[in-house]
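Source file: data.csv (CSV, C-alpha atoms)
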```csv
chain,number,residue,atom,x,y,z
A,1,MET,CA,34.9,0.3,-25.9
A,2,LYS,CA,34.5,3.4,-28.1
A,3,ILE,CA,30.7,3.0,-27.8
A,4,LEU,CA,30.9,2.9,-24.0
A,5,SER,CA,33.3,5.9,-24.0
A,6,GLY,CA,31.0,7.8,-26.3
A,7,LEU,CA,28.0,6.9,-24.1
A,8,LYS,CA,29.7,8.1,-21.0
A,9,LYS,CA,30.5,11.4,-22.8
A,10,GLU,CA,26.9,11.7,-23.9
A,11,LEU,CA,25.6,11.1,-20.4
A,12,ILE,CA,27.9,13.8,-19.0
A,13,LEU,CA,26.7,16.2,-21.7
A,14,ALA,CA,23.1,15.3,-21.1
A,15,MET,CA,23.4,16.0,-17.4
A,16,ARG,CA,24.6,19.5,-18.2
A,17,GLY,CA,21.5,20.2,-20.2
A,18,TYR,CA,17.9,20.8,-19.0
A,19,TYR,CA,16.2,18.0,-21.0
A,20,PHE,CA,17.7,15.4,-18.7
A,21,TYR,CA,16.4,17.1,-15.6
A,22,VAL,CA,13.0,17.7,-17.2
A,23,GLU,CA,12.6,13.9,-17.6
A,24,ILE,CA,13.7,13.2,-14.0
A,25,PHE,CA,11.5,16.0,-12.7
A,26,MET,CA,8.5,14.5,-14.6
A,27,ALA,CA,9.2,11.1,-13.1
A,28,ILE,CA,9.4,12.5,-9.6
A,29,LEU,CA,6.2,14.6,-10.2
A,30,ILE,CA,4.3,11.5,-11.4
A,31,LEU,CA,5.6,9.6,-8.4
A,32,ILE,CA,4.3,12.3,-6.0
A,33,LEU,CA,0.9,12.4,-7.7
A,34,PHE,CA,0.5,8.6,-7.5
A,35,LEU,CA,1.7,8.3,-3.9
A,36,PHE,CA,0.0,11.4,-2.3
A,37,VAL,CA,-2.8,12.6,-4.7
A,38,ILE,CA,-4.3,9.6,-6.6
A,39,PRO,CA,-6.1,7.2,-4.3
A,40,GLU,CA,-5.5,3.5,-4.6
A,41,ASN,CA,-9.2,3.0,-5.5
A,42,PHE,CA,-11.5,5.7,-6.6
A,43,ASN,CA,-14.9,6.4,-5.1
A,44,LYS,CA,-17.3,5.1,-7.8
A,45,ARG,CA,-20.5,6.2,-6.1
A,46,ILE,CA,-22.7,8.1,-8.5
A,47,ASP,CA,-24.5,11.3,-7.4
A,48,GLU,CA,-28.2,10.9,-8.0
A,49,TYR,CA,-30.9,13.5,-7.6
A,50,ILE,CA,-34.4,12.3,-6.8
A,51,TYR,CA,-37.7,14.0,-6.1
A,52,ILE,CA,-40.4,12.0,-4.3
A,53,ASP,CA,-43.9,13.1,-5.2
A,54,MET,CA,-46.0,11.1,-2.7
A,55,PRO,CA,-48.0,11.7,0.4
A,56,ASN,CA,-45.9,12.2,3.5
A,57,GLU,CA,-46.7,8.7,5.0
A,58,ALA,CA,-45.8,6.9,1.7
A,59,LYS,CA,-42.7,9.1,1.3
A,60,LYS,CA,-41.6,8.2,4.8
A,61,ILE,CA,-42.0,4.4,4.1
A,62,TYR,CA,-40.0,4.8,0.9
A,63,LEU,CA,-37.2,6.7,2.5
A,64,ASP,CA,-37.0,4.2,5.4
A,65,GLY,CA,-36.4,1.5,2.7
A,66,ILE,CA,-33.5,3.6,1.3
A,67,LYS,CA,-32.2,4.1,4.8
A,68,LYS,CA,-31.7,0.3,5.2
A,69,TYR,CA,-29.0,0.5,2.5
A,70,ASP,CA,-27.3,3.6,3.9
A,71,LEU,CA,-23.7,2.9,4.9
A,72,ASP,CA,-24.2,4.2,8.4
A,73,ASN,CA,-27.9,3.8,8.6
A,74,ARG,CA,-28.6,7.5,9.2
A,75,VAL,CA,-29.8,10.5,7.2
A,76,GLU,CA,-27.3,13.3,6.5
A,77,THR,CA,-27.7,16.7,4.8
A,78,ALA,CA,-25.9,18.2,1.9
A,79,GLU,CA,-25.9,21.5,0.1
A,80,VAL,CA,-26.9,21.6,-3.6
A,81,LYS,CA,-26.4,24.8,-5.6
A,82,ILE,CA,-29.6,25.5,-7.6
A,83,GLY,CA,-29.4,28.6,-9.9
A,84,GLY,CA,-26.9,30.3,-7.7
A,85,GLU,CA,-28.8,29.5,-4.5
A,86,LYS,CA,-27.6,26.9,-2.0
A,87,LYS,CA,-30.3,24.5,-0.8
A,88,THR,CA,-30.2,21.9,1.9
A,89,VAL,CA,-31.3,18.4,0.9
A,90,GLU,CA,-31.4,15.0,2.6
A,91,LEU,CA,-28.5,12.7,1.6
A,92,TYR,CA,-28.3,8.9,1.7
A,93,GLU,CA,-25.0,7.1,0.9
A,94,THR,CA,-25.1,3.5,-0.3
A,95,ASP,CA,-22.4,1.3,-1.7
A,96,ASN,CA,-22.8,2.6,-5.2
A,97,ALA,CA,-24.7,5.9,-5.0
A,98,LYS,CA,-25.1,9.2,-3.2
A,99,ILE,CA,-28.9,9.8,-3.3
A,100,HIS,CA,-30.0,13.4,-2.9
A,101,ILE,CA,-33.7,13.9,-2.1
A,102,MET,CA,-34.7,17.1,-3.7
A,103,ASN,CA,-37.2,19.5,-2.2
A,104,SER,CA,-39.1,20.1,-5.4
A,105,TYR,CA,-39.7,18.9,-8.9
A,106,GLU,CA,-38.1,22.1,-10.3
A,107,ASP,CA,-34.9,21.6,-8.4
A,108,MET,CA,-34.6,18.0,-9.6
A,109,ARG,CA,-35.2,19.0,-13.2
A,110,TYR,CA,-32.6,21.8,-12.8
A,111,MET,CA,-30.0,19.2,-11.8
A,112,ALA,CA,-30.9,17.1,-14.8
A,113,GLU,CA,-31.1,19.8,-17.5
A,114,LYS,CA,-28.5,22.3,-16.3
A,115,LYS,CA,-26.0,20.2,-14.4
A,116,SER,CA,-26.4,17.0,-16.5
A,117,LYS,CA,-26.8,14.8,-13.4
A,118,PRO,CA,-28.7,11.5,-13.1
A,119,ALA,CA,-32.1,12.6,-11.9
A,120,GLY,CA,-35.6,11.3,-11.7
A,121,MET,CA,-39.0,11.5,-10.0
A,122,ILE,CA,-40.8,8.8,-8.0
A,123,TYR,CA,-44.6,9.0,-7.6
A,124,LEU,CA,-47.7,7.0,-7.2
A,125,LYS,CA,-49.8,5.9,-10.2
A,126,ASP,CA,-52.9,3.7,-9.6
A,127,GLU,CA,-51.5,3.2,-6.0
A,128,LYS,CA,-48.3,1.7,-7.4
A,129,LEU,CA,-44.8,3.2,-7.6
A,130,ALA,CA,-44.0,4.9,-10.9
A,131,TYR,CA,-40.7,6.4,-12.1
A,132,LYS,CA,-39.8,9.3,-14.4
A,133,ASN,CA,-36.1,9.4,-15.5
A,134,PHE,CA,-34.3,12.3,-17.2
A,135,LEU,CA,-31.8,11.3,-19.7
A,136,GLN,CA,-29.0,13.4,-21.3
A,137,GLY,CA,-29.5,12.3,-24.9
A,138,TYR,CA,-26.2,10.4,-25.4
A,139,GLU,CA,-27.4,7.2,-23.7
A,140,SER,CA,-27.3,4.0,-25.8
A,141,ASP,CA,-30.5,2.2,-26.8
A,142,ARG,CA,-29.4,-0.7,-24.5
A,143,TYR,CA,-29.3,1.7,-21.6
A,144,LYS,CA,-32.7,3.2,-22.4
A,145,ASN,CA,-34.2,-0.3,-22.6
A,146,ILE,CA,-32.8,-1.2,-19.2
A,147,VAL,CA,-34.3,2.0,-17.7
A,148,LYS,CA,-37.7,1.1,-19.2
A,149,VAL,CA,-37.7,-2.4,-17.7
A,150,ILE,CA,-35.7,-2.0,-14.5
A,151,HIS,CA,-38.8,-1.1,-12.4
A,152,ILE,CA,-41.2,-3.7,-13.7
A,153,GLU,CA,-40.0,-6.1,-11.1
A,154,THR,CA,-39.4,-5.2,-7.4
A,155,SER,CA,-35.8,-4.7,-6.3
A,156,ASP,CA,-35.9,-7.9,-4.1
A,157,ASN,CA,-37.1,-10.0,-7.1
A,158,LEU,CA,-34.4,-8.5,-9.3
A,159,LYS,CA,-31.7,-9.2,-6.7
A,160,ALA,CA,-32.9,-12.7,-6.2
A,161,GLN,CA,-32.7,-13.3,-10.0
A,162,ILE,CA,-29.3,-11.8,-10.3
A,163,ASP,CA,-28.0,-13.8,-7.3
A,164,SER,CA,-29.4,-17.0,-8.8
A,165,GLN,CA,-27.5,-16.6,-12.1
A,166,ILE,CA,-24.3,-18.7,-12.4
A,167,VAL,CA,-21.3,-16.7,-13.4
A,168,LYS,CA,-18.2,-18.6,-14.6
A,169,PRO,CA,-14.9,-16.7,-15.2
A,170,GLN,CA,-13.1,-17.3,-18.5
A,171,PHE,CA,-9.8,-17.7,-16.7
A,172,GLU,CA,-9.1,-19.1,-13.2
A,173,ASN,CA,-7.2,-17.2,-10.5
A,174,MET,CA,-7.6,-13.9,-12.4
A,175,LYS,CA,-5.9,-10.9,-10.7
A,176,SER,CA,-7.0,-7.3,-11.0
A,177,LEU,CA,-5.2,-4.0,-10.6
A,178,SER,CA,-6.2,-1.3,-8.2
A,179,ASP,CA,-7.6,1.9,-9.8
A,180,ARG,CA,-4.2,3.6,-9.2
A,181,ASP,CA,-2.1,0.8,-10.6
A,182,TYR,CA,-4.4,0.6,-13.6
A,183,TYR,CA,-3.0,3.9,-14.8
A,184,LEU,CA,0.6,2.9,-14.6
A,185,PRO,CA,0.9,1.1,-18.0
A,186,PRO,CA,0.0,4.4,-19.9
A,187,ILE,CA,2.6,6.2,-17.7
A,188,LEU,CA,5.2,3.6,-18.5
A,189,VAL,CA,4.4,3.8,-22.2
A,190,PHE,CA,4.7,7.6,-22.5
A,191,ASN,CA,7.2,8.5,-19.8
A,192,GLY,CA,9.3,5.4,-19.9
A,193,SER,CA,9.2,4.4,-23.6
A,194,LEU,CA,7.9,7.1,-25.9
A,195,MET,CA,9.5,10.0,-24.2
A,196,GLY,CA,12.8,8.9,-25.6
A,197,MET,CA,11.3,9.4,-29.1
A,198,PHE,CA,10.9,13.1,-28.5
A,199,LEU,CA,14.0,13.7,-26.3
A,200,ILE,CA,16.3,12.1,-28.8
A,201,ALA,CA,14.9,14.3,-31.6
A,202,ALA,CA,15.4,17.4,-29.4
A,203,TYR,CA,19.1,16.4,-28.8
A,204,ILE,CA,19.6,15.8,-32.5
A,205,PHE,CA,18.2,19.2,-33.3
A,206,ILE,CA,20.5,20.9,-30.8
A,207,ASP,CA,23.5,19.1,-32.3
A,208,LYS,CA,22.3,20.2,-35.8
A,209,GLU,CA,22.2,23.9,-34.6
A,210,GLU,CA,25.6,23.6,-33.1
A,211,ASN,CA,27.0,21.8,-36.2
A,212,VAL,CA,28.0,18.8,-34.1
A,213,ILE,CA,26.6,16.3,-36.7
A,214,LYS,CA,28.6,17.9,-39.5
A,215,ALA,CA,31.8,17.8,-37.4
A,216,ILE,CA,31.3,14.0,-37.1
A,217,ALA,CA,31.8,13.7,-40.8
A,218,VAL,CA,35.5,14.7,-40.5
A,219,THR,CA,36.2,12.4,-37.5
A,220,PRO,CA,37.5,8.8,-37.8
A,221,ASP,CA,34.5,7.5,-35.9
A,222,PRO,CA,31.6,6.2,-38.1
A,223,VAL,CA,28.2,8.0,-37.9
A,224,TRP,CA,26.5,5.0,-36.4
A,225,HIS,CA,28.6,5.3,-33.3
A,226,TYR,CA,27.2,8.7,-32.6
A,227,LEU,CA,23.7,7.6,-33.4
A,228,LEU,CA,23.9,4.5,-31.2
A,229,THR,CA,25.2,6.4,-28.2
A,230,LYS,CA,22.2,8.7,-28.5
A,231,VAL,CA,19.8,5.8,-28.7
A,232,LEU,CA,21.5,4.1,-25.7
A,233,LEU,CA,21.4,7.3,-23.7
A,234,MET,CA,17.7,7.8,-24.2
A,235,THR,CA,17.1,4.1,-23.3
A,236,ILE,CA,19.0,4.5,-20.1
A,237,ILE,CA,17.2,7.7,-19.1
A,238,SER,CA,13.8,6.2,-19.8
A,239,LEU,CA,14.7,3.0,-17.9
A,240,PHE,CA,15.9,5.0,-14.9
A,241,SER,CA,12.9,7.4,-14.8
A,242,SER,CA,10.5,4.4,-15.1
A,243,LEU,CA,12.1,2.6,-12.2
A,244,VAL,CA,11.9,5.8,-10.1
A,245,ILE,CA,8.1,5.7,-10.6
A,246,ILE,CA,7.5,1.9,-10.3
A,247,LEU,CA,9.7,0.9,-7.4
A,248,PRO,CA,8.1,3.1,-4.6
A,249,ILE,CA,4.5,2.4,-5.9
A,250,ILE,CA,4.6,-1.4,-6.7
A,251,GLY,CA,7.6,-2.5,-4.6
A,252,PHE,CA,9.1,-5.9,-5.4
A,253,LYS,CA,5.8,-7.6,-6.2
A,254,ILE,CA,6.4,-7.8,-10.0
A,255,ASN,CA,9.1,-9.5,-12.2
A,256,TYR,CA,11.6,-6.7,-12.7
A,257,LEU,CA,13.6,-8.8,-15.2
A,258,LEU,CA,10.6,-8.8,-17.6
A,259,LEU,CA,9.9,-5.2,-16.9
A,260,THR,CA,13.5,-4.2,-17.6
A,261,ILE,CA,13.6,-6.2,-20.8
A,262,LEU,CA,10.4,-4.6,-22.1
A,263,LEU,CA,11.4,-1.1,-21.0
A,264,ILE,CA,14.8,-1.5,-22.8
A,265,THR,CA,13.4,-2.8,-26.1
A,266,THR,CA,10.5,-0.4,-26.3
A,267,GLY,CA,13.0,2.4,-25.3
A,268,LEU,CA,15.3,1.3,-28.2
A,269,PHE,CA,12.3,1.2,-30.6
A,270,SER,CA,11.0,4.7,-29.7
A,271,SER,CA,14.4,6.2,-29.7
A,272,ALA,CA,15.1,4.8,-33.1
A,273,VAL,CA,11.8,6.2,-34.4
A,274,GLY,CA,12.8,9.7,-33.0
A,275,LEU,CA,16.2,9.4,-34.6
A,276,LEU,CA,14.6,8.7,-38.0
A,277,LEU,CA,12.1,11.5,-37.5
A,278,ALA,CA,14.8,14.0,-36.8
A,279,SER,CA,16.6,13.1,-40.0
A,280,PHE,CA,13.9,14.7,-42.1
A,281,TYR,CA,13.9,18.2,-40.4
A,282,GLU,CA,16.4,20.9,-39.5
A,283,ASP,CA,14.8,22.1,-36.2
A,284,VAL,CA,12.0,21.6,-33.8
A,285,ARG,CA,9.7,24.1,-35.5
A,286,GLN,CA,9.8,22.2,-38.8
A,287,ALA,CA,9.2,18.9,-37.0
A,288,PHE,CA,6.4,20.1,-34.8
A,289,GLY,CA,3.6,18.9,-37.1
A,290,ALA,CA,5.0,15.4,-37.5
A,291,VAL,CA,5.7,15.1,-33.8
A,292,TYR,CA,2.1,16.2,-33.0
A,293,MET,CA,0.6,13.7,-35.4
A,294,LEU,CA,2.8,11.0,-34.0
A,295,ILE,CA,1.6,11.8,-30.4
A,296,MET,CA,-2.0,11.7,-31.5
A,297,LEU,CA,-1.5,8.3,-33.1
A,298,MET,CA,0.2,6.9,-30.0
A,299,ILE,CA,-2.6,8.2,-27.8
A,300,ILE,CA,-5.3,6.2,-29.6
A,301,PRO,CA,-4.5,2.9,-27.9
A,302,THR,CA,-4.6,4.6,-24.5
A,303,ILE,CA,-8.2,5.7,-25.2
A,304,SER,CA,-9.1,2.1,-26.0
A,305,TYR,CA,-7.3,1.0,-22.8
A,306,MET,CA,-9.3,3.4,-20.7
A,307,MET,CA,-12.6,2.5,-22.4
A,308,PRO,CA,-12.4,-1.2,-23.2
A,309,SER,CA,-15.8,-1.1,-24.9
A,310,TRP,CA,-14.2,0.9,-27.7
A,311,ASN,CA,-11.6,-1.4,-29.3
A,312,PRO,CA,-11.5,-1.2,-33.1
A,313,SER,CA,-9.2,-3.7,-34.8
A,314,PHE,CA,-6.9,-1.0,-36.3
A,315,VAL,CA,-5.8,0.0,-32.7
A,316,LYS,CA,-3.8,-3.2,-32.5
A,317,LEU,CA,-1.6,-2.1,-35.4
A,318,ILE,CA,-0.4,0.9,-33.4
A,319,PRO,CA,2.9,0.1,-31.5
A,320,SER,CA,1.8,1.6,-28.2
A,321,ASP,CA,-1.1,-0.8,-28.0
A,322,ALA,CA,1.2,-3.8,-27.5
A,323,MET,CA,3.3,-1.8,-25.1
A,324,LEU,CA,0.2,-1.2,-22.9
A,325,ARG,CA,-0.8,-4.8,-22.9
A,326,GLY,CA,2.8,-5.9,-22.1
A,327,PHE,CA,3.2,-3.6,-19.1
A,328,LYS,CA,-0.3,-4.5,-17.8
A,329,SER,CA,0.6,-8.2,-18.0
A,330,ILE,CA,3.8,-7.5,-16.0
A,331,LEU,CA,1.9,-5.5,-13.3
A,332,LEU,CA,-0.7,-8.3,-13.1
A,333,CYS,CA,2.2,-10.7,-12.3
A,334,GLU,CA,1.2,-13.1,-15.0
A,335,ASN,CA,4.9,-13.9,-15.6
A,336,ASN,CA,4.1,-14.8,-19.2
A,337,PHE,CA,7.8,-15.0,-20.3
A,338,SER,CA,7.1,-16.2,-23.9
A,339,TYR,CA,4.6,-13.4,-24.5
A,340,ILE,CA,6.8,-10.6,-23.1
A,341,LEU,CA,10.0,-12.0,-24.7
A,342,GLY,CA,8.3,-12.4,-28.0
A,343,MET,CA,7.0,-8.9,-27.9
A,344,SER,CA,10.4,-7.5,-26.8
A,345,GLY,CA,12.0,-9.4,-29.7
A,346,VAL,CA,9.7,-7.7,-32.2
A,347,TYR,CA,10.4,-4.3,-30.8
A,348,LEU,CA,14.2,-5.0,-30.9
A,349,MET,CA,14.1,-6.1,-34.5
A,350,ALA,CA,12.0,-3.1,-35.5
A,351,ALA,CA,14.5,-0.9,-33.6
A,352,ILE,CA,17.4,-2.4,-35.5
A,353,ILE,CA,15.7,-1.9,-38.9
A,354,ILE,CA,14.7,1.7,-38.1
A,355,PHE,CA,18.2,2.4,-36.8
A,356,LEU,CA,19.8,1.1,-40.0
A,357,ILE,CA,17.5,3.3,-42.1
A,358,SER,CA,18.4,6.3,-39.9
A,359,ASN,CA,22.1,5.6,-40.3
A,360,PHE,CA,21.7,5.5,-44.1
A,361,ARG,CA,19.7,8.8,-43.9
A,362,TYR,CA,22.4,10.6,-41.8
A,363,LYS,CA,25.3,9.3,-43.9
A,364,LYS,CA,23.4,10.6,-46.9
A,365,ILE,CA,22.9,14.0,-45.3
A,366,LEU,CA,26.6,14.3,-44.3
A,367,ALA,CA,27.9,13.1,-47.7
```
Kindly transcribe the structure held in the file into structure tokens.
Amino acid sequence: MKILSGLKKELILAMRGYYFYVEIFMAILILILFLFVIPENFNKRIDEYIYIDMPNEAKKIYLDGIKKYDLDNRVETAEVKIGGEKKTVELYETDNAKIHIMNSYEDMRYMAEKKSKPAGMIYLKDEKLAYKNFLQGYESDRYKNIVKVIHIETSDNLKAQIDSQIVKPQFENMKSLSDRDYYLPPILVFNGSLMGMFLIAAYIFIDKEENVIKAIAVTPDPVWHYLLTKVLLMTIISLFSSLVIILPIIGFKINYLLLTILLITTGLFSSAVGLLLASFYEDVRQAFGAVYMLIMLMIIPTISYMMPSWNPSFVKLIPSDAMLRGFKSILLCENNFSYILGMSGVYLMAAIIIFLISNFRYKKILA
């Protein structure tokens, strides 16, 4: 009962400070961005800039071929800024590209060299179509080889060969997230789980400045009561702010029992880490370097999450990597209870161990 009473007191005190409202404000701001700014699926069409160096009759035939794949089967115009001057060009929009037909070779080359845009030239060589592509220098050898061979066969032949290939999924009934939902796991990790790490450190530093922690030494309540109420407070705040984001966006399509379990255990873990971190420093300024390094470390799995092709083995050792995979599994409605519960158990055990170390540290400080 003393823990609940202390937690209620901490919650009231937190609501009087601005850190609590910063967390709620950030959750509401993220929610607004996801609902009204970030589209459910991004437009993945690439802007391409092409110059066609062919006689007018041949050029017309080629453009008629592009027009067949245009979304509305008509030619539009667009303005392209070339060296400070706006020029009007023809625009064709297909399923995966916006093709700008440039008026001159110089304009096309300007877009490639100055604007770093995909650009190229199509011309006739020995009465056959030839292609000149401009690369930016960072392309992989695999991409360069594809560019070299892609035009050897006609588009129809390549399409026929691709369509004839048999593709078998590794897993049946695989679900996928929309582009917007794909960004929710990193948000849950940082706003819902890891934010508690930094907020609890901030609260501890405030209490240190106001000599609250030293006053605890002369009270009958053990130090771990005070520390536990702080951890539980941060966990409740992170859980609430995460649900503020998830409920309006996802609705009731996911398993909220699993989500709540993972949010609570990861919140306990991150709060315990913040508690231990704060025990080594007297104020925020002293802890800034350590906090910054910790943030950078936790960001690394997010980079791997956004770019799956970059996935070194050491990333899996960083705690936020498992958090990302766990939240993604829940959003995909995989309902893998053993996986989520096992992961949550690991975070809970780690939180308990770190909390016990923190308690030892604070008792030593107050001795």
Worksheet item: A:Ile245, A:Met298, A:Leu233, A:Phe327: which is nearest A:Leu263, counting all atoms listed in the file?
Response: A:Phe327
Worksheet item: Quick one: distance from atom CA of A:Tyr362 to atom CA of A:Leu348 in Å, one decimal?
Response: 20.7 Å
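Every protein or nucleic acid residue with an atom no more than 8 Å from stretch 187-197 of chain A, counting all atoms listed in the file and leaving out same-chain residues fewer than 3 positions away, appears here: Glu23, Ala27, Tyr183, Leu184, Ile200, Ala201, Met234, Thr235, Ile237, Ser238, Leu239, Ser241, Ser242, Leu263, Thr266, Gly267, Ser270, Ser271, Ala272, Val273, Gly274, Leu275, Ser320, Met323, Leu324 and Phe327 of chain A.
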Same residues, C-alpha atoms, saved as a PDB file, keeping the file's coordinate frame:
```pdb
ATOM      1  CA  GLU A  23      12.600  13.900 -17.600  1.00  0.00           C
ATOM      2  CA  ALA A  27       9.200  11.100 -13.100  1.00  0.00           C
ATOM      3  CA  TYR A 183      -3.000   3.900 -14.800  1.00  0.00           C
ATOM      4  CA  LEU A 184       0.600   2.900 -14.600  1.00  0.00           C
ATOM      5  CA  ILE A 200      16.300  12.100 -28.800  1.00  0.00           C
ATOM      6  CA  ALA A 201      14.900  14.300 -31.600  1.00  0.00           C
ATOM      7  CA  MET A 234      17.700   7.800 -24.200  1.00  0.00           C
ATOM      8  CA  THR A 235      17.100   4.100 -23.300  1.00  0.00           C
ATOM      9  CA  ILE A 237      17.200   7.700 -19.100  1.00  0.00           C
ATOM     10  CA  SER A 238      13.800   6.200 -19.800  1.00  0.00           C
ATOM     11  CA  LEU A 239      14.700   3.000 -17.900  1.00  0.00           C
ATOM     12  CA  SER A 241      12.900   7.400 -14.800  1.00  0.00           C
ATOM     13  CA  SER A 242      10.500   4.400 -15.100  1.00  0.00           C
ATOM     14  CA  LEU A 263      11.400  -1.100 -21.000  1.00  0.00           C
ATOM     15  CA  THR A 266      10.500  -0.400 -26.300  1.00  0.00           C
ATOM     16  CA  GLY A 267      13.000   2.400 -25.300  1.00  0.00           C
ATOM     17  CA  SER A 270      11.000   4.700 -29.700  1.00  0.00           C
ATOM     18  CA  SER A 271      14.400   6.200 -29.700  1.00  0.00           C
ATOM     19  CA  ALA A 272      15.100   4.800 -33.100  1.00  0.00           C
ATOM     20  CA  VAL A 273      11.800   6.200 -34.400  1.00  0.00           C
ATOM     21  CA  GLY A 274      12.800   9.700 -33.000  1.00  0.00           C
ATOM     22  CA  LEU A 275      16.200   9.400 -34.600  1.00  0.00           C
ATOM     23  CA  SER A 320       1.800   1.600 -28.200  1.00  0.00           C
ATOM     24  CA  MET A 323       3.300  -1.800 -25.100  1.00  0.00           C
ATOM     25  CA  LEU A 324       0.200  -1.200 -22.900  1.00  0.00           C
ATOM     26  CA  PHE A 327       3.200  -3.600 -19.100  1.00  0.00           C
TER      27      PHE A 327
END
```
Discussion item. Could you list, as a PyMOL selection string, every residue within 10 Å of A:Lys132, counting all atoms listed in the file and ignoring same-chain residues fewer than 5 positions away?
Written reply: chain A and resi 50-51+119-123+147-148
Can you spit out the residues from that selection as a compact mmCIF listing (two decimals), in the coordinates of the input, using C-alpha atoms?
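Output saved as again.txt:
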```
# COMPACT_ATOMS: atom_id res chain seq x y z
CA ILE A 50 -34.40 12.30 -6.80
CA TYR A 51 -37.70 14.00 -6.10
CA ALA A 119 -32.10 12.60 -11.90
CA GLY A 120 -35.60 11.30 -11.70
CA MET A 121 -39.00 11.50 -10.00
CA ILE A 122 -40.80 8.80 -8.00
CA TYR A 123 -44.60 9.00 -7.60
CA VAL A 147 -34.30 2.00 -17.70
CA LYS A 148 -37.70 1.10 -19.20
```
Worksheet item: Which polymer residues have any atom within 12 Å of an atom of stretch 133-143 of chain A, counting all atoms listed in the file, with same-chain residues fewer than 2 positions away left out, as a PyMOL selection string?
Response: chain A and resi 48-51+105+108-123+130-131+145-151
Practice prompt. For atom CA of A:Ile318 and atom CA of A:Ile300, determine how far apart the two atoms are, in Å to one decimal place.
Written response: 8.2 Å
Worksheet item: Could you work out how far atom CA of A:Leu243 lies from atom CA of A:Ile24, giving the answer in Å with one decimal?
Response: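 Between atom CA of A:Ile24 and atom CA of A:Leu243 the gap works out to 10.9 Å.
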Worksheet entry | Pick from A:Pro220, A:Pro55, A:Gly345, A:Pro186, whichever lies nearest to A:Ile303 using only C-alpha atoms | A:Pro186
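Among the candidates A:Asn43, A:Gln286, A:Thr229, A:Asn73, the one nearest to A:Ala14 when counting all atoms listed in the file is A:Thr229.
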Fill in: Counting all atoms listed in the file, the residue of A:Met307, A:Val231, A:Val284, A:Leu199 that sits nearest A:Tyr21
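That would be A:Leu199, the residue with the smallest distance to A:Tyr21.
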Within 12 Å of A:Lys364, counting all atoms listed in the file, which residues show up once you throw out same-chain ones fewer than 5 positions away? Write them as an mmCIF file with C-alpha atoms, keeping the file's coordinate frame, please.
```cif
data_model
loop_
_atom_site.group_PDB
_atom_site.id
_atom_site.type_symbol
_atom_site.label_atom_id
_atom_site.label_comp_id
_atom_site.auth_asym_id
_atom_site.auth_seq_id
_atom_site.Cartn_x
_atom_site.Cartn_y
_atom_site.Cartn_z
ATOM 1 C CA LYS A 214 28.600 17.900 -39.500
ATOM 2 C CA ALA A 217 31.800 13.700 -40.800
ATOM 3 C CA VAL A 223 28.200 8.000 -37.900
ATOM 4 C CA SER A 279 16.600 13.100 -40.000
ATOM 5 C CA PHE A 280 13.900 14.700 -42.100
ATOM 6 C CA ILE A 357 17.500 3.300 -42.100
ATOM 7 C CA SER A 358 18.400 6.300 -39.900
ATOM 8 C CA ASN A 359 22.100 5.600 -40.300
#
```
Discussion item. Which residue is closest to A:Ile52? Choose from A:Leu7, A:Leu297, A:Leu124, A:Leu232 and count all atoms listed in the file.
Written reply: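 Of the candidates, the smallest distance to A:Ile52 is held by A:Leu124.
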Would you pull stretch 125-132 of chain A out of the block just shown and save N, CA, C and O atoms as a PDB file, in the first residue's frame?
```pdb
ATOM      1  N   LYS A 125      21.685   4.646 -82.734  1.00  0.00           N
ATOM      2  CA  LYS A 125      23.037   4.246 -83.105  1.00  0.00           C
ATOM      3  C   LYS A 125      22.916   3.022 -84.008  1.00  0.00           C
ATOM      4  O   LYS A 125      22.402   1.985 -83.574  1.00  0.00           O
ATOM      5  N   ASP A 126      23.382   3.173 -85.222  1.00  0.00           N
ATOM      6  CA  ASP A 126      23.243   2.101 -86.225  1.00  0.00           C
ATOM      7  C   ASP A 126      21.777   1.704 -86.370  1.00  0.00           C
ATOM      8  O   ASP A 126      21.434   0.504 -86.419  1.00  0.00           O
ATOM      9  N   GLU A 127      20.906   2.732 -86.369  1.00  0.00           N
ATOM     10  CA  GLU A 127      19.460   2.576 -86.541  1.00  0.00           C
ATOM     11  C   GLU A 127      18.826   1.760 -85.408  1.00  0.00           C
ATOM     12  O   GLU A 127      17.737   1.207 -85.567  1.00  0.00           O
ATOM     13  N   LYS A 128      19.496   1.690 -84.278  1.00  0.00           N
ATOM     14  CA  LYS A 128      18.947   1.029 -83.100  1.00  0.00           C
ATOM     15  C   LYS A 128      18.985   2.000 -81.918  1.00  0.00           C
ATOM     16  O   LYS A 128      19.826   2.900 -81.880  1.00  0.00           O
ATOM     17  N   LEU A 129      18.071   1.778 -80.985  1.00  0.00           N
ATOM     18  CA  LEU A 129      18.038   2.638 -79.804  1.00  0.00           C
ATOM     19  C   LEU A 129      19.281   2.411 -78.946  1.00  0.00           C
ATOM     20  O   LEU A 129      19.699   1.282 -78.704  1.00  0.00           O
ATOM     21  N   ALA A 130      19.866   3.526 -78.485  1.00  0.00           N
ATOM     22  CA  ALA A 130      21.017   3.467 -77.580  1.00  0.00           C
ATOM     23  C   ALA A 130      20.729   4.371 -76.383  1.00  0.00           C
ATOM     24  O   ALA A 130      19.949   5.325 -76.486  1.00  0.00           O
ATOM     25  N   TYR A 131      21.383   4.072 -75.266  1.00  0.00           N
ATOM     26  CA  TYR A 131      21.073   4.778 -74.031  1.00  0.00           C
ATOM     27  C   TYR A 131      22.373   5.239 -73.365  1.00  0.00           C
ATOM     28  O   TYR A 131      23.371   4.523 -73.339  1.00  0.00           O
ATOM     29  N   LYS A 132      22.315   6.460 -72.821  1.00  0.00           N
ATOM     30  CA  LYS A 132      23.437   6.997 -72.062  1.00  0.00           C
ATOM     31  C   LYS A 132      22.902   7.436 -70.699  1.00  0.00           C
ATOM     32  O   LYS A 132      22.072   8.344 -70.615  1.00  0.00           O
TER      33      LYS A 132
END
```
